[in-house]
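Here's the structure, in structure tokens; my notes come after.
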Amino acid sequence: MIEVQRLMKRFGPKVVLRGLDFSAHAGEFVALLGPNGAGKTTFLRILASLSRPTAGVVRIGGYALPQEAAAVRRTLGVVSHQTLLYGDLTAEENLLFYARLYGIEHAGQRVKEVLELVGLERRRADLVRTFSRGMQQRLSIGRALLHDPQVLLLDEPYTGLDQDASAILDQILRTVAAQGRTILLTSHDLARAEDLATRFDVLSRGRIVASAGREALHHSGLLAFYRQALEAA
Amino acid sequence: MKPRAPFLQSVWAILWKDLAAELRSRELFSGMFIFALLVIVIFNFAMELDVATRRSVTAGVLWTTFFFAGTIGLSRSMAMEKDRGSLDGLLLAPVDRAAIYFGKMLGNLLFMLLVEALILPLYSFLYNQNLFNGGLFLVILLGSLGYAAVGTLLASMSIQARTRDLLLPILLFPVLLPLVIGAVKASGGYLSGAAREEILPFLNLLLTYDVIFLSISYMLFDSVIEE
């Protein structure tokens, strides 16, 4: 579903991604871990077609970036620590706006379904700026799922959420993962990543330095695997 | 393959979103209007002129007011997308990026025309001059369209910079020079009752400017807005 080969990204003299190779199959839930500055957000922004790669091959759902960016965007849902929502619109208006941009048929019905999925149907007529951070993030996931994307990119979605809001977000992500979507999550919260993901990749200095499935971590645990990967890098 | 939103539907969705958000917040329009009002009041007190001289400077004062107020609108309109991260939301949508440009540009144009519609009667009152002139309205429409066309493109360009509030006027005002000349001369012509042949070259200049910058923006917006 996602194939990346020898990906490079340079900002002026600074090289952020150095020949990164990555792949994720349909239905996989991959947690991308790494210290600050490792290049996680840059990598996700390239996958989301928000930033152009300097060199390398990126294919999502069979479409190449940046050449087939519009087709890739139809395949993707993106959630970041910023909600990408408009505070002066209601929850329903926000989703209807994005539904129009994605050309979704029967937009009203789809918006209703999504609001139910993220548990915000009772607050549909309230302005988003009156929502708590957790509610905004739930709505942001709803926005990302509106067009029923095959791939979901989540960049630090737990930033600023309290325990209750994080638990609700966990539940939504489990539901979404069970629907067979490919999910790529970046997070500093190893316990949460270990709980949700089926595969764990460690990114350090612009490269994937280690990768392991859930079964392989059974004995050592994610924290030990993560530390070893960073020490060896 | 899932459907792609038609171009006009996307333009309308973005325009609708800007209008709906502005109706609630009134952040952008009120800022532009109050600024424009202050400019004409300051000019009124700064220039102790006789009636004839006042009439001769009307076109210049009006367009200075419109362009300065417009700059505030342009800055805020794009900054609101950037600061709240929603610009990424627009860029992630599978729409022709030109639709994003035209949606934002039409919103900027509409807010500018609304401010102008309120400023004209106030100016007439303060400067005791009748500005209800069909020709002037046409010039205002063409001038504002050119301003919104180039301004939306440059505001999108400067949005990635940390010093965007400084950068926008520095980039914008030199590019506006032909538009300023055309708008001021054509407006002055209509207000002084000049012959049609004298005004026509400036109307042509405005029209050409609008077509050129709308075309350039259509072609460049995709690369300008990307990181």
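Starting from 1 in every chain, residues are counted up; chains themselves are A, B, ... following the order of the structure tokens, and ligands are numbered from 1 as listed.
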Listing only residues of chain B within 10 Å of chain A, what is the closest atom pair and its distance in Å (to one decimal) for each, using only C-alpha atoms, sorted by chain and residue number ascending, as a Markdown table?
| residue | atom | partner | partner_atom | distance |
| --- | --- | --- | --- | --- |
| B:Met1 | CA | A:Ala71 | CA | 8.0 |
| B:Lys2 | CA | A:Arg74 | CA | 6.8 |
| B:Pro3 | CA | A:Gly103 | CA | 5.9 |
| B:Arg4 | CA | A:Gly103 | CA | 5.2 |
| B:Ala5 | CA | A:Gly103 | CA | 3.8 |
| B:Pro6 | CA | A:Gly103 | CA | 7.2 |
| B:Phe7 | CA | A:Leu101 | CA | 9.3 |
| B:Gln9 | CA | A:Arg100 | CA | 7.1 |
| B:Ser10 | CA | A:Leu101 | CA | 5.3 |
| B:Val11 | CA | A:Leu101 | CA | 8.8 |
| B:Trp12 | CA | A:Arg100 | CA | 9.2 |
| B:Ala13 | CA | A:Phe97 | CA | 6.1 |
| B:Ile14 | CA | A:Phe97 | CA | 7.7 |
| B:Trp16 | CA | A:Phe97 | CA | 8.5 |
| B:Lys17 | CA | A:Phe97 | CA | 6.9 |
| B:Asp18 | CA | A:Leu89 | CA | 9.6 |
| B:Ala20 | CA | A:Leu89 | CA | 7.1 |
| B:Ala21 | CA | A:Asp88 | CA | 5.0 |
| B:Glu22 | CA | A:Asp88 | CA | 7.8 |
| B:Leu23 | CA | A:Asp88 | CA | 8.8 |
| B:Arg24 | CA | A:Asp88 | CA | 6.3 |
| B:Ser25 | CA | A:Asp88 | CA | 6.6 |
| B:Met80 | CA | A:Tyr86 | CA | 9.1 |
| B:Glu81 | CA | A:Tyr86 | CA | 8.5 |
| B:Lys82 | CA | A:Leu84 | CA | 9.5 |
| B:Asp83 | CA | A:Gln82 | CA | 9.6 |
| B:Arg84 | CA | A:Leu84 | CA | 6.6 |
| B:Gly85 | CA | A:Leu84 | CA | 5.0 |
| B:Ser86 | CA | A:Leu84 | CA | 4.0 |
| B:Leu87 | CA | A:Leu84 | CA | 7.3 |
| B:Asp88 | CA | A:Leu84 | CA | 6.8 |
| B:Gly89 | CA | A:Leu84 | CA | 5.3 |
| B:Leu90 | CA | A:Leu101 | CA | 8.2 |
| B:Leu91 | CA | A:Leu50 | CA | 7.0 |
| B:Leu92 | CA | A:Arg73 | CA | 6.0 |
| B:Ala93 | CA | A:Tyr102 | CA | 6.2 |
| B:Pro94 | CA | A:Ala70 | CA | 4.9 |
| B:Val95 | CA | A:Leu101 | CA | 6.6 |
| B:Asp96 | CA | A:Ala70 | CA | 7.9 |
| B:Arg97 | CA | A:Ala70 | CA | 9.6 |
| B:Ala99 | CA | A:Leu101 | CA | 9.8 |
| B:Ile100 | CA | A:Leu101 | CA | 9.8 |
| B:Ile225 | CA | A:Leu50 | CA | 9.6 |
| B:Glu226 | CA | A:Ser51 | CA | 6.6 |
| B:Glu227 | CA | A:Ser51 | CA | 5.5 |
Rounded to one decimal in Å, what is the spacing between CA of Leu154 (chain B) and CA of Phe66 (chain B)? 17.2 Å
Please provide as a ChimeraX atom specification all residues within 12 Å of Gly73 (chain B), with the sequence filter that same-chain residues fewer than 2 positions apart are discarded (counting only C-alpha atoms). /B:22,26-36,66-71,75-80,104-105,107-115,147-148,151-152,155,165,168-169
Taking the chain letters and numbering used in this document, name the residues of region 46-218 of chain A that DSSP puts in strand (DSSP E or B), as a PyMOL selection string. chain A and resi 55-60+63-65+76-79+90+127+151-155+182-186+199-204+207-213
Using only C-alpha atoms, which protein or nucleic acid residues come within 12 Å of Ile216 (chain B)? Drop anything in the same chain fewer than 3 positions from it, and give the result as a VMD selection string. chain B and resid 98 101 146 149 to 150 152 to 154 209 to 213 219 to 224
Can you list, as a compact mmCIF listing (two decimals) with N, CA, C and O atoms, in the first residue's frame, every protein, DNA or RNA residue that comes within 9 Å of Leu206 (chain B) when you count only C-alpha atoms, leaving out same-chain residues fewer than 2 positions away?
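Output below, filename out-v1.txt:
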# COMPACT_ATOMS: atom_id res chain seq x y z
N VAL B 139 -14.39 51.11 -12.47
CA VAL B 139 -12.95 51.18 -12.17
C VAL B 139 -12.67 50.48 -10.84
O VAL B 139 -11.69 49.73 -10.71
N LEU B 142 -12.75 46.71 -11.42
CA LEU B 142 -11.55 46.22 -12.14
C LEU B 142 -10.30 46.34 -11.27
O LEU B 142 -9.47 45.43 -11.23
N GLY B 143 -10.16 47.46 -10.59
CA GLY B 143 -8.99 47.67 -9.73
C GLY B 143 -8.95 46.68 -8.57
O GLY B 143 -7.90 46.12 -8.25
N GLY B 146 -7.98 43.16 -9.81
CA GLY B 146 -6.53 43.04 -10.03
C GLY B 146 -5.79 42.96 -8.72
O GLY B 146 -4.87 42.15 -8.56
N PRO B 178 1.45 49.47 -11.78
CA PRO B 178 0.62 49.71 -12.98
C PRO B 178 -0.87 49.79 -12.65
O PRO B 178 -1.60 50.59 -13.24
N LEU B 179 -1.28 48.97 -11.67
CA LEU B 179 -2.70 48.97 -11.28
C LEU B 179 -3.05 50.31 -10.61
O LEU B 179 -4.13 50.88 -10.87
N GLY B 182 -3.32 53.00 -13.34
CA GLY B 182 -4.55 52.82 -14.11
C GLY B 182 -5.78 53.20 -13.31
O GLY B 182 -6.66 53.93 -13.80
N ALA B 183 -5.84 52.73 -12.06
CA ALA B 183 -7.04 52.97 -11.24
C ALA B 183 -7.18 54.44 -10.88
O ALA B 183 -8.28 55.01 -10.98
N PRO B 201 -7.66 54.27 -22.34
CA PRO B 201 -6.36 53.58 -22.20
C PRO B 201 -6.12 53.05 -20.78
O PRO B 201 -5.53 51.98 -20.61
N PHE B 202 -6.60 53.77 -19.78
CA PHE B 202 -6.39 53.33 -18.39
C PHE B 202 -7.32 52.16 -18.04
O PHE B 202 -6.95 51.28 -17.29
N LEU B 203 -8.52 52.17 -18.62
CA LEU B 203 -9.42 51.01 -18.42
C LEU B 203 -8.80 49.77 -19.08
O LEU B 203 -8.86 48.67 -18.51
N ASN B 204 -8.21 49.97 -20.25
CA ASN B 204 -7.54 48.85 -20.93
C ASN B 204 -6.37 48.33 -20.10
O ASN B 204 -6.15 47.13 -20.01
N THR B 208 -6.13 44.56 -18.81
CA THR B 208 -4.98 43.74 -19.18
C THR B 208 -4.27 43.22 -17.92
O THR B 208 -3.88 42.05 -17.84
N TYR B 209 -4.11 44.10 -16.95
CA TYR B 209 -3.46 43.73 -15.68
C TYR B 209 -4.23 42.57 -15.03
O TYR B 209 -3.64 41.59 -14.59
N ASP B 210 -5.55 42.70 -14.99
CA ASP B 210 -6.38 41.67 -14.37
C ASP B 210 -6.20 40.33 -15.08
O ASP B 210 -6.00 39.29 -14.44
N VAL B 211 -6.27 40.36 -16.41
CA VAL B 211 -6.16 39.11 -17.19
C VAL B 211 -4.79 38.49 -16.98
O VAL B 211 -4.67 37.27 -16.73
Alpha helix (DSSP H) residues, from DSSP on the backbone, in region 1-175 of chain B, as an NGL selection string: :B and (7-25 or 27-46 or 51-83 or 86-92 or 97-127 or 134-158 or 164-175)
Write out as JSON, numbers by chain each polymer residue whose atoms come within 12 Å of region 43-52 of chain B, counting only C-alpha atoms; drop sequence neighbours fewer than 2 positions from it. {"B": [36, 37, 38, 39, 40, 41, 54, 55, 56, 57, 58, 60, 61, 62, 64, 65, 122, 123, 124, 125, 126, 127, 128, 129, 191, 192]}
